[in-house]
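J.: Got my_file-v1.txt for you, compact mmCIF, C-alpha atoms and all ligand atoms:
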# COMPACT_ATOMS: atom_id res chain seq x y z
CA MET A 1 -31.00 -74.00 -32.52
CA ARG A 2 -28.13 -71.71 -31.53
CA ILE A 3 -29.11 -68.59 -29.59
CA LEU A 4 -26.86 -65.63 -28.78
CA ILE A 5 -28.00 -63.61 -25.78
CA THR A 6 -26.76 -60.10 -25.06
CA ASN A 7 -27.98 -56.89 -23.44
CA ASP A 8 -26.87 -53.34 -22.67
CA ASP A 9 -27.36 -53.46 -18.90
CA GLY A 10 -24.26 -55.61 -18.45
CA ILE A 11 -23.35 -59.20 -17.64
CA ALA A 12 -24.50 -58.82 -14.01
CA SER A 13 -28.11 -58.05 -15.00
CA VAL A 14 -30.60 -60.40 -13.34
CA ALA A 15 -32.89 -60.14 -16.36
CA LEU A 16 -30.04 -61.24 -18.69
CA SER A 17 -29.47 -64.41 -16.68
CA ALA A 18 -33.20 -65.05 -16.49
CA LEU A 19 -33.53 -64.66 -20.26
CA ALA A 20 -30.58 -67.02 -20.82
CA THR A 21 -32.05 -69.64 -18.48
CA TRP A 22 -35.41 -69.35 -20.24
CA ALA A 23 -33.83 -69.59 -23.71
CA SER A 24 -31.72 -72.63 -22.78
CA ARG A 25 -34.91 -74.70 -23.12
CA LEU A 26 -35.08 -73.70 -26.79
CA GLY A 27 -31.55 -74.54 -27.82
CA GLU A 28 -27.83 -74.01 -27.26
CA VAL A 29 -27.34 -70.62 -25.59
CA THR A 30 -24.22 -68.46 -25.62
CA VAL A 31 -24.29 -65.36 -23.42
CA ILE A 32 -22.04 -62.50 -24.52
CA ALA A 33 -22.68 -59.29 -22.62
CA PRO A 34 -20.92 -56.03 -21.75
CA ARG A 35 -18.78 -56.06 -18.60
CA VAL A 36 -20.50 -52.88 -17.41
CA GLU A 37 -23.71 -51.10 -18.35
CA GLN A 38 -23.82 -49.75 -21.92
CA SER A 39 -27.33 -48.27 -22.02
CA GLY A 40 -27.62 -45.48 -24.59
CA LYS A 41 -24.64 -46.71 -26.60
CA SER A 42 -26.82 -47.55 -29.59
CA HIS A 43 -24.97 -49.42 -32.37
CA ALA A 44 -21.51 -48.19 -31.36
CA ILE A 45 -18.42 -50.36 -31.77
CA ASP A 46 -14.95 -49.77 -30.36
CA PHE A 47 -12.12 -50.68 -32.72
CA HIS A 48 -9.42 -48.26 -31.59
CA ARG A 49 -8.20 -50.33 -28.67
CA PRO A 50 -7.87 -54.00 -27.71
CA LEU A 51 -10.95 -55.28 -25.90
CA GLU A 52 -10.79 -57.40 -22.74
CA ILE A 53 -13.03 -60.41 -23.39
CA LYS A 54 -13.22 -63.19 -20.82
CA GLN A 55 -15.22 -66.35 -20.40
CA VAL A 56 -17.07 -66.14 -17.08
CA PRO A 57 -18.98 -68.62 -14.92
CA LEU A 58 -22.50 -67.20 -15.08
CA LEU A 59 -24.96 -70.08 -15.25
CA ASP A 60 -24.43 -73.84 -15.05
CA GLY A 61 -24.09 -75.38 -18.49
CA ILE A 62 -24.26 -72.07 -20.39
CA GLU A 63 -21.20 -70.58 -22.08
CA ALA A 64 -20.86 -66.92 -21.07
CA TRP A 65 -18.47 -64.14 -22.02
CA SER A 66 -17.90 -60.68 -20.58
CA VAL A 67 -16.87 -58.03 -23.11
CA ASP A 68 -15.33 -54.70 -22.16
CA SER A 69 -17.32 -52.91 -24.87
CA THR A 70 -20.75 -52.29 -26.35
CA PRO A 71 -23.67 -54.65 -27.10
CA ALA A 72 -22.89 -54.44 -30.84
CA ASP A 73 -19.31 -55.53 -30.11
CA CYS A 74 -20.70 -58.44 -28.07
CA VAL A 75 -22.62 -59.66 -31.13
CA ARG A 76 -19.57 -59.08 -33.32
CA PHE A 77 -17.34 -61.09 -30.96
CA GLY A 78 -19.89 -63.91 -30.93
CA VAL A 79 -19.68 -64.19 -34.72
CA LEU A 80 -16.29 -62.81 -35.75
CA GLY A 81 -14.37 -63.74 -32.58
CA LEU A 82 -15.86 -67.14 -31.74
CA LYS A 83 -16.40 -67.89 -35.46
CA LYS A 84 -19.93 -69.13 -34.86
CA ARG A 85 -23.31 -68.42 -36.39
CA TYR A 86 -26.57 -68.16 -34.49
CA ASP A 87 -30.14 -68.85 -35.51
CA LEU A 88 -31.40 -66.06 -33.26
CA VAL A 89 -29.99 -63.13 -31.29
CA LEU A 90 -31.96 -62.04 -28.22
CA SER A 91 -31.09 -58.74 -26.52
CA GLY A 92 -32.39 -57.89 -23.05
CA VAL A 93 -34.50 -58.06 -21.12
CA ASN A 94 -33.73 -54.35 -20.81
CA HIS A 95 -34.30 -52.42 -17.60
CA GLY A 96 -36.53 -49.68 -19.08
CA TYR A 97 -38.72 -49.57 -22.17
CA ASN A 98 -37.18 -48.91 -25.58
CA LEU A 99 -39.87 -46.99 -27.39
CA GLY A 100 -40.50 -44.33 -30.01
CA ARG A 101 -37.75 -42.19 -31.45
CA ASP A 102 -35.55 -42.98 -28.45
CA ILE A 103 -34.78 -46.45 -29.76
CA VAL A 104 -32.02 -44.83 -31.86
CA TYR A 105 -30.06 -44.52 -28.59
CA SER A 106 -30.82 -48.01 -27.37
CA GLY A 107 -27.93 -50.41 -26.89
CA THR A 108 -30.50 -53.20 -26.57
CA VAL A 109 -31.80 -52.42 -30.06
CA GLY A 110 -28.26 -51.63 -31.32
CA ALA A 111 -27.33 -55.27 -30.71
CA ILE A 112 -30.25 -56.32 -32.92
CA PHE A 113 -29.13 -53.98 -35.69
CA GLU A 114 -25.67 -55.59 -35.50
CA ALA A 115 -27.38 -58.98 -35.80
CA ALA A 116 -29.09 -57.58 -38.93
CA ARG A 117 -25.76 -56.43 -40.30
CA LEU A 118 -24.36 -59.92 -39.77
CA ASP A 119 -27.44 -61.53 -41.37
CA MET A 120 -28.93 -63.09 -38.25
CA PRO A 121 -32.48 -62.63 -36.97
CA GLY A 122 -32.84 -60.72 -33.72
CA ILE A 123 -35.36 -59.64 -31.12
CA ALA A 124 -34.87 -56.78 -28.64
CA LEU A 125 -36.79 -57.26 -25.38
CA SER A 126 -37.50 -54.51 -22.86
CA THR A 127 -39.72 -53.83 -19.89
CA ASP A 128 -40.26 -51.00 -17.41
CA PHE A 129 -37.82 -49.83 -14.74
CA GLY A 130 -39.49 -51.94 -12.06
CA ASP A 131 -39.03 -55.61 -11.19
CA PRO A 132 -38.39 -57.54 -14.45
CA THR A 133 -40.08 -60.70 -13.11
CA PRO A 134 -43.57 -59.95 -14.53
CA ALA A 135 -42.10 -59.42 -18.00
CA LEU A 136 -39.92 -62.53 -17.77
CA SER A 137 -42.93 -64.61 -16.79
CA GLN A 138 -44.54 -63.61 -20.12
CA LEU A 139 -41.70 -64.87 -22.34
CA ASP A 140 -43.55 -68.13 -23.04
CA ALA A 141 -46.57 -66.14 -24.23
CA VAL A 142 -44.37 -63.88 -26.39
CA LYS A 143 -42.71 -66.91 -27.97
CA ALA A 144 -46.09 -68.55 -28.58
CA TYR A 145 -47.33 -65.37 -30.30
CA PHE A 146 -44.21 -65.23 -32.49
CA ASP A 147 -44.66 -68.90 -33.45
CA GLU A 148 -48.41 -68.68 -34.01
CA HIS A 149 -48.08 -65.70 -36.37
CA ALA A 150 -44.73 -66.79 -37.91
CA LEU A 151 -43.43 -63.32 -37.10
CA LEU A 152 -39.77 -64.01 -37.83
CA ARG A 153 -40.78 -65.10 -41.32
CA HIS A 154 -42.50 -61.76 -41.89
CA CYS A 155 -39.65 -59.70 -40.49
CA THR A 156 -36.30 -60.83 -39.14
CA HIS A 157 -35.86 -58.01 -36.58
CA TRP A 158 -38.31 -56.95 -33.88
CA ASN A 159 -38.48 -54.49 -31.03
CA VAL A 160 -40.58 -55.99 -28.26
CA ASN A 161 -41.68 -54.11 -25.12
CA ILE A 162 -43.43 -56.09 -22.41
CA PRO A 163 -45.48 -54.33 -19.73
CA ALA A 164 -46.20 -56.18 -16.47
CA ALA A 165 -49.40 -58.26 -16.71
CA ALA A 166 -49.99 -57.47 -20.39
CA LYS A 167 -53.56 -57.73 -21.71
CA GLY A 168 -52.48 -58.96 -25.13
CA PHE A 169 -50.35 -58.02 -28.14
CA ARG A 170 -50.33 -55.12 -30.59
CA PHE A 171 -48.36 -54.67 -33.79
CA THR A 172 -46.99 -51.15 -33.64
CA GLN A 173 -44.86 -48.57 -35.37
CA GLN A 174 -42.02 -46.63 -33.77
CA GLY A 175 -43.71 -43.65 -32.12
CA GLY A 176 -42.55 -40.16 -31.20
CA ILE A 177 -40.25 -38.97 -28.46
CA PHE A 178 -40.61 -41.04 -25.26
CA TYR A 179 -37.86 -39.70 -23.03
CA THR A 180 -37.84 -35.99 -22.21
CA ASP A 181 -34.34 -34.89 -21.31
CA GLU A 182 -32.72 -31.64 -20.34
CA PHE A 183 -29.17 -30.55 -19.59
CA VAL A 184 -29.00 -29.44 -15.97
CA PRO A 185 -26.01 -27.25 -15.03
CA GLN A 186 -24.17 -28.52 -11.97
CA GLY A 187 -21.46 -25.88 -11.73
CA ASN A 188 -17.75 -26.12 -12.59
CA ASP A 189 -18.58 -26.53 -16.30
CA MET A 190 -20.47 -29.71 -15.53
CA TYR A 191 -23.91 -30.61 -16.94
CA GLN A 192 -26.07 -33.64 -16.24
CA GLN A 193 -28.69 -34.89 -18.69
CA VAL A 194 -31.78 -35.61 -16.64
CA GLY A 195 -35.04 -36.92 -17.93
CA GLY A 196 -37.55 -39.68 -17.92
CA PRO A 197 -40.19 -41.43 -19.93
CA VAL A 198 -43.47 -39.67 -20.64
CA PHE A 199 -46.75 -41.23 -21.77
CA TYR A 200 -48.89 -38.53 -23.42
CA GLU A 201 -52.68 -38.63 -23.35
CA THR A 202 -53.04 -38.15 -27.07
CA MET A 203 -50.84 -40.50 -29.04
CA PRO A 204 -51.78 -42.45 -32.18
CA LEU A 205 -53.04 -45.94 -31.40
CA THR A 206 -50.50 -47.36 -33.82
CA TRP A 207 -47.55 -46.20 -31.72
CA ASP A 208 -45.40 -48.55 -29.65
CA ILE A 209 -45.60 -46.09 -26.74
CA THR A 210 -49.42 -46.17 -26.82
CA ALA A 211 -49.55 -49.97 -26.81
CA VAL A 212 -47.37 -50.16 -23.70
CA ARG A 213 -49.30 -47.34 -22.01
CA ASP A 214 -52.51 -49.29 -22.64
CA GLY A 215 -51.03 -52.50 -21.20
CA PHE A 216 -50.25 -54.42 -24.39
CA VAL A 217 -47.02 -56.08 -25.48
CA SER A 218 -45.72 -53.87 -28.30
CA LEU A 219 -44.32 -55.69 -31.34
CA THR A 220 -42.54 -53.42 -33.83
CA PRO A 221 -40.99 -54.86 -37.01
CA LEU A 222 -37.69 -53.07 -37.61
CA THR A 223 -35.75 -52.20 -40.70
CA SER A 224 -32.10 -51.22 -40.54
CA THR A 225 -31.64 -49.50 -43.87
CA LEU A 226 -31.73 -45.70 -43.80
CA THR A 227 -32.48 -44.94 -47.45
CA ASP A 228 -35.76 -43.07 -47.98
CA LEU A 229 -37.07 -45.27 -50.79
CA ALA A 230 -40.17 -43.13 -51.39
CA VAL A 231 -38.02 -40.07 -52.13
CA LEU A 232 -35.59 -42.14 -54.19
CA ASP A 233 -38.43 -43.53 -56.29
CA MET A 234 -39.88 -40.02 -56.76
CA LEU A 235 -36.53 -38.58 -57.87
CA LYS A 236 -35.89 -41.53 -60.16
CA SER A 237 -39.24 -41.05 -61.87
CA ASP A 238 -38.62 -37.26 -62.12
CA ASP A 239 -35.42 -38.18 -63.89
CA GLN A 240 -37.14 -40.11 -66.65
MN MN A 301 -30.29 -50.74 -20.67
Just give me the structure of the file as structure tokens.
T.:
Amino acid sequence: MRILITNDDGIASVALSALATWASRLGEVTVIAPRVEQSGKSHAIDFHRPLEIKQVPLLDGIEAWSVDSTPADCVRFGVLGLKKRYDLVLSGVNHGYNLGRDIVYSGTVGAIFEAARLDMPGIALSTDFGDPTPALSQLDAVKAYFDEHALLRHCTHWNVNIPAAAKGFRFTQQGGIFYTDEFVPQGNDMYQQVGGPVFYETMPLTWDITAVRDGFVSLTPLTSTLTDLAVLDMLKSDDQ
């Protein structure tokens, strides 16, 4: 089994190395990660300039590359640059949850959408802003749950958020807004976006945000097509 590992926190992320070490027990791992942090870069790619891409000594026995671009470009280099295919793309473990409507900004999830575009299964993994160790120690349990329920056969792309000391697993849908941000003026025409995650008291139980708030690993099956099929079907039938 060939596994491509990337993230949006950058090649120096401790959680990236830990994920790669963990995954190396499952198969042949290639790490391809951004040179510097790319959080919030979503599914962006950078094709207007040459990219600096270097093989780096990261972990013994694991091929690793540093890419001066986004997580999506890391996945693209792994396939289009190295001319290899992978049985699974893992992205993370991200420093900070990727939940609700805010996953549209996520570079961690963006890498998975690029895996989808290139016809490879992918799983985005995130935890809170604290020590990633409790989440990393649950990777065996997450894998066992995926295997037991054949989740990658049901859906090839998943957004997984792992709270510390999770009580169990919940299948969830993408919830509402998780990060509340504002533009704070700093003078001299400068503004800083400042915000943070918010868990509301009253959120539907089906939401990813609710599952994590309640201490469960949130498992959201993702789709990467943007067509509203319900509307399309309605308009098609109106047409007839
Ligand atoms: Mn990040």
J.: Smallest atom-to-atom distance to Asn7 (chain A): which of A:Ala44, A:Val104, A:Leu125, A:Met234, using all atoms listed in the file?
T.: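 Nearest candidate to Asn7 (chain A) out of A:Ala44, A:Val104, A:Leu125, A:Met234: A:Leu125.
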J.: Just the residues within 10 Å of region 78-81 of chain A, please, counting all atoms listed in the file, with nothing from its chain fewer than 6 positions along; format it as a ChimeraX atom specification.
T.: /A:4-6,30-33,53,65,72,115,118,120
J.: Return as a list in words every polymer residue, whether protein, DNA or RNA, with at least one atom no more than 6 Å from an atom of ligand MN 301 (chain A); count only C-alpha atoms and all ligand atoms.
T.: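 Those within range of ligand MN 301 (chain A) are Asp8, Asp9, Ser39, Asn94 and His95 of chain A.
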J.: Can you tell me how far CA of Asn98 (chain A) sits from CA of Ser13 (chain A), in Å to one decimal?
T.: 16.7 Å
J.: Write out as a PyMOL selection string each polymer residue whose atoms come within 10 Å of Ala23 (chain A), counting only C-alpha atoms; drop sequence neighbours fewer than 3 positions from it.
T.: chain A and resi 2-5+17-20+26-30+90+139-140
J.: Counting all atoms listed in the file, write as a PyMOL selection string all protein and nucleic acid residues lying at most 10 Å from (-50.4, -64.1, -29.6) in the file's frame.
T.: chain A and resi 141-149+168-170+217
J.: Please save C-alpha atoms of the selected residues as a PDB file, in the coordinates of the input.
T.:
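See selection_6.pdb below for the written result:
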ATOM      1  CA  ALA A 141     -46.570 -66.140 -24.230  1.00  0.00           C
ATOM      2  CA  VAL A 142     -44.370 -63.880 -26.390  1.00  0.00           C
ATOM      3  CA  LYS A 143     -42.710 -66.910 -27.970  1.00  0.00           C
ATOM      4  CA  ALA A 144     -46.090 -68.550 -28.580  1.00  0.00           C
ATOM      5  CA  TYR A 145     -47.330 -65.370 -30.300  1.00  0.00           C
ATOM      6  CA  PHE A 146     -44.210 -65.230 -32.490  1.00  0.00           C
ATOM      7  CA  ASP A 147     -44.660 -68.900 -33.450  1.00  0.00           C
ATOM      8  CA  GLU A 148     -48.410 -68.680 -34.010  1.00  0.00           C
ATOM      9  CA  HIS A 149     -48.080 -65.700 -36.370  1.00  0.00           C
ATOM     10  CA  GLY A 168     -52.480 -58.960 -25.130  1.00  0.00           C
ATOM     11  CA  PHE A 169     -50.350 -58.020 -28.140  1.00  0.00           C
ATOM     12  CA  ARG A 170     -50.330 -55.120 -30.590  1.00  0.00           C
ATOM     13  CA  VAL A 217     -47.020 -56.080 -25.480  1.00  0.00           C
TER      14      VAL A 217
END
J.: Quick one: residues within 12 Å of Asp119 (chain A), all atoms listed in the file, excluding same-chain residues fewer than 2 positions away - as a list in words?
T.: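 Returned residues: Val75, Arg76, Val79, Arg85, Tyr86, Asp87, Leu88, Val89, Ile112, Phe113, Glu114, Ala115, Ala116, Arg117, Pro121, Gly122, Thr156, His157 and Ser224 of chain A.
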J.: I need the residue nearest Phe77 (chain A) from this list: A:Gly215, A:Gly130, A:Pro34, A:Gly10. Use all atoms listed in the file for the distance.
T.: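 Among A:Gly215, A:Gly130, A:Pro34, A:Gly10, it is A:Pro34 that comes nearest to Phe77 (chain A).
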J.: Please determine, counting only C-alpha atoms, which residue among A:Ile123, A:Val194, A:Ala12, A:Leu235 has the shortest atom-to-atom distance to Leu219 (chain A).
T.: A:Ile123
J.: A:Leu136, A:Leu51, A:Ile45, A:Ile177: which is nearest Ala111 (chain A), counting only C-alpha atoms?
T.: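 Looking only at the distances to Ala111 (chain A), the closest residue turns out to be A:Ile45.
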J.: Which of these residues is nearest to Phe216 (chain A), using only C-alpha atoms: A:Tyr179, A:Pro197, A:Ala135, A:Leu232?
T.: A:Ala135
J.: Between A:Thr133, A:Asn161, A:Thr21, A:Thr127, single out the one closest to Ala211 (chain A), counting all atoms listed in the file.
T.: A:Asn161
J.: Between CA of Ser106 (chain A) and CA of His43 (chain A), what is the distance in Å, rounded to a tenth?
T.: 7.8 Å
J.: From the structure block, carefully write region 53-160 of chain A out with C-alpha atoms; format it as a PDB file, in the first residue's frame.
T.:
ATOM      1  CA  ILE A  53      10.777  21.352  -4.362  1.00  0.00           C
ATOM      2  CA  LYS A  54      13.509  19.533  -2.454  1.00  0.00           C
ATOM      3  CA  GLN A  55      13.945  16.094  -0.981  1.00  0.00           C
ATOM      4  CA  VAL A  56      14.657  16.493   2.733  1.00  0.00           C
ATOM      5  CA  PRO A  57      15.888  14.167   5.489  1.00  0.00           C
ATOM      6  CA  LEU A  58      12.853  14.041   7.765  1.00  0.00           C
ATOM      7  CA  LEU A  59      12.509  10.513   9.124  1.00  0.00           C
ATOM      8  CA  ASP A  60      14.729   7.447   8.729  1.00  0.00           C
ATOM      9  CA  GLY A  61      13.582   5.277   5.851  1.00  0.00           C
ATOM     10  CA  ILE A  62      10.781   7.604   4.713  1.00  0.00           C
ATOM     11  CA  GLU A  63      11.040   9.623   1.497  1.00  0.00           C
ATOM     12  CA  ALA A  64      10.159  13.255   2.220  1.00  0.00           C
ATOM     13  CA  TRP A  65       9.836  16.364   0.079  1.00  0.00           C
ATOM     14  CA  SER A  66       9.465  20.031   0.951  1.00  0.00           C
ATOM     15  CA  VAL A  67       7.364  22.067  -1.483  1.00  0.00           C
ATOM     16  CA  ASP A  68       7.372  25.854  -1.614  1.00  0.00           C
ATOM     17  CA  SER A  69       3.613  25.933  -2.228  1.00  0.00           C
ATOM     18  CA  THR A  70       0.216  24.768  -1.037  1.00  0.00           C
ATOM     19  CA  PRO A  71      -1.021  21.370   0.211  1.00  0.00           C
ATOM     20  CA  ALA A  72      -2.874  20.818  -3.090  1.00  0.00           C
ATOM     21  CA  ASP A  73       0.383  21.424  -4.969  1.00  0.00           C
ATOM     22  CA  CYS A  74       2.083  18.883  -2.678  1.00  0.00           C
ATOM     23  CA  VAL A  75      -0.443  16.238  -3.752  1.00  0.00           C
ATOM     24  CA  ARG A  76      -0.066  17.305  -7.382  1.00  0.00           C
ATOM     25  CA  PHE A  77       3.735  17.030  -7.199  1.00  0.00           C
ATOM     26  CA  GLY A  78       3.426  13.572  -5.640  1.00  0.00           C
ATOM     27  CA  VAL A  79       1.399  12.368  -8.622  1.00  0.00           C
ATOM     28  CA  LEU A  80       2.324  14.594 -11.564  1.00  0.00           C
ATOM     29  CA  GLY A  81       5.920  15.372 -10.515  1.00  0.00           C
ATOM     30  CA  LEU A  82       7.044  12.039  -9.081  1.00  0.00           C
ATOM     31  CA  LYS A  83       4.796  10.147 -11.541  1.00  0.00           C
ATOM     32  CA  LYS A  84       3.464   7.872  -8.819  1.00  0.00           C
ATOM     33  CA  ARG A  85       0.019   6.790  -7.693  1.00  0.00           C
ATOM     34  CA  TYR A  86      -1.057   6.300  -4.092  1.00  0.00           C
ATOM     35  CA  ASP A  87      -3.654   4.052  -2.528  1.00  0.00           C
ATOM     36  CA  LEU A  88      -4.408   6.657   0.129  1.00  0.00           C
ATOM     37  CA  VAL A  89      -3.684  10.323   0.824  1.00  0.00           C
ATOM     38  CA  LEU A  90      -3.599  11.386   4.482  1.00  0.00           C
ATOM     39  CA  SER A  91      -3.555  15.091   5.349  1.00  0.00           C
ATOM     40  CA  GLY A  92      -2.697  16.304   8.848  1.00  0.00           C
ATOM     41  CA  VAL A  93      -2.814  15.881  11.678  1.00  0.00           C
ATOM     42  CA  ASN A  94      -3.855  19.539  11.597  1.00  0.00           C
ATOM     43  CA  HIS A  95      -3.181  21.906  14.465  1.00  0.00           C
ATOM     44  CA  GLY A  96      -6.791  23.072  14.987  1.00  0.00           C
ATOM     45  CA  TYR A  97     -10.133  21.485  14.128  1.00  0.00           C
ATOM     46  CA  ASN A  98     -11.499  21.713  10.592  1.00  0.00           C
ATOM     47  CA  LEU A  99     -15.233  21.892  11.129  1.00  0.00           C
ATOM     48  CA  GLY A 100     -18.457  23.278   9.722  1.00  0.00           C
ATOM     49  CA  ARG A 101     -18.549  25.816   6.938  1.00  0.00           C
ATOM     50  CA  ASP A 102     -14.953  26.784   7.684  1.00  0.00           C
ATOM     51  CA  ILE A 103     -13.626  23.647   6.008  1.00  0.00           C
ATOM     52  CA  VAL A 104     -13.874  25.550   2.701  1.00  0.00           C
ATOM     53  CA  TYR A 105     -10.778  27.470   3.861  1.00  0.00           C
ATOM     54  CA  SER A 106      -8.897  24.437   5.090  1.00  0.00           C
ATOM     55  CA  GLY A 107      -5.617  23.549   3.415  1.00  0.00           C
ATOM     56  CA  THR A 108      -5.785  20.199   5.210  1.00  0.00           C
ATOM     57  CA  VAL A 109      -9.101  19.432   3.497  1.00  0.00           C
ATOM     58  CA  GLY A 110      -7.945  21.127   0.256  1.00  0.00           C
ATOM     59  CA  ALA A 111      -5.279  18.436  -0.089  1.00  0.00           C
ATOM     60  CA  ILE A 112      -8.011  15.793   0.133  1.00  0.00           C
ATOM     61  CA  PHE A 113     -10.050  17.525  -2.560  1.00  0.00           C
ATOM     62  CA  GLU A 114      -6.954  17.464  -4.789  1.00  0.00           C
ATOM     63  CA  ALA A 115      -6.657  13.741  -4.059  1.00  0.00           C
ATOM     64  CA  ALA A 116     -10.299  13.462  -5.194  1.00  0.00           C
ATOM     65  CA  ARG A 117      -9.521  15.369  -8.363  1.00  0.00           C
ATOM     66  CA  LEU A 118      -6.666  12.961  -9.073  1.00  0.00           C
ATOM     67  CA  ASP A 119      -8.874   9.934  -8.313  1.00  0.00           C
ATOM     68  CA  MET A 120      -7.219   8.850  -5.081  1.00  0.00           C
ATOM     69  CA  PRO A 121      -8.950   8.251  -1.743  1.00  0.00           C
ATOM     70  CA  GLY A 122      -8.113  10.703   1.016  1.00  0.00           C
ATOM     71  CA  ILE A 123      -8.667  11.411   4.691  1.00  0.00           C
ATOM     72  CA  ALA A 124      -8.193  14.806   6.370  1.00  0.00           C
ATOM     73  CA  LEU A 125      -7.238  14.547  10.047  1.00  0.00           C
ATOM     74  CA  SER A 126      -7.452  17.401  12.550  1.00  0.00           C
ATOM     75  CA  THR A 127      -7.412  17.966  16.274  1.00  0.00           C
ATOM     76  CA  ASP A 128      -7.577  20.951  18.634  1.00  0.00           C
ATOM     77  CA  PHE A 129      -4.935  23.645  19.078  1.00  0.00           C
ATOM     78  CA  GLY A 130      -3.407  21.877  22.069  1.00  0.00           C
ATOM     79  CA  ASP A 131      -0.875  19.054  22.228  1.00  0.00           C
ATOM     80  CA  PRO A 132      -1.535  16.700  19.264  1.00  0.00           C
ATOM     81  CA  THR A 133      -0.335  13.635  21.224  1.00  0.00           C
ATOM     82  CA  PRO A 134      -3.801  12.582  22.517  1.00  0.00           C
ATOM     83  CA  ALA A 135      -5.200  12.651  18.973  1.00  0.00           C
ATOM     84  CA  LEU A 136      -2.199  10.801  17.539  1.00  0.00           C
ATOM     85  CA  SER A 137      -2.582   8.082  20.156  1.00  0.00           C
ATOM     86  CA  GLN A 138      -6.100   7.437  18.786  1.00  0.00           C
ATOM     87  CA  LEU A 139      -5.018   6.790  15.180  1.00  0.00           C
ATOM     88  CA  ASP A 140      -5.113   3.020  15.705  1.00  0.00           C
ATOM     89  CA  ALA A 141      -8.711   3.302  16.923  1.00  0.00           C
ATOM     90  CA  VAL A 142      -9.651   5.540  13.974  1.00  0.00           C
ATOM     91  CA  LYS A 143      -8.122   3.060  11.527  1.00  0.00           C
ATOM     92  CA  ALA A 144      -9.906   0.156  13.221  1.00  0.00           C
ATOM     93  CA  TYR A 145     -13.229   2.019  12.923  1.00  0.00           C
ATOM     94  CA  PHE A 146     -12.606   2.734   9.227  1.00  0.00           C
ATOM     95  CA  ASP A 147     -11.762  -0.941   8.624  1.00  0.00           C
ATOM     96  CA  GLU A 148     -14.624  -2.328  10.698  1.00  0.00           C
ATOM     97  CA  HIS A 149     -17.231  -0.219   8.872  1.00  0.00           C
ATOM     98  CA  ALA A 150     -15.497  -0.335   5.442  1.00  0.00           C
ATOM     99  CA  LEU A 151     -15.782   3.444   5.366  1.00  0.00           C
ATOM    100  CA  LEU A 152     -13.531   4.025   2.361  1.00  0.00           C
ATOM    101  CA  ARG A 153     -15.782   1.719   0.367  1.00  0.00           C
ATOM    102  CA  HIS A 154     -18.806   3.858   1.251  1.00  0.00           C
ATOM    103  CA  CYS A 155     -17.080   7.148   0.518  1.00  0.00           C
ATOM    104  CA  THR A 156     -13.571   7.798  -0.749  1.00  0.00           C
ATOM    105  CA  HIS A 157     -13.057  11.153   1.021  1.00  0.00           C
ATOM    106  CA  TRP A 158     -13.499  11.907   4.714  1.00  0.00           C
ATOM    107  CA  ASN A 159     -13.034  14.797   7.084  1.00  0.00           C
ATOM    108  CA  VAL A 160     -12.016  13.438  10.477  1.00  0.00           C
TER     109      VAL A 160
END
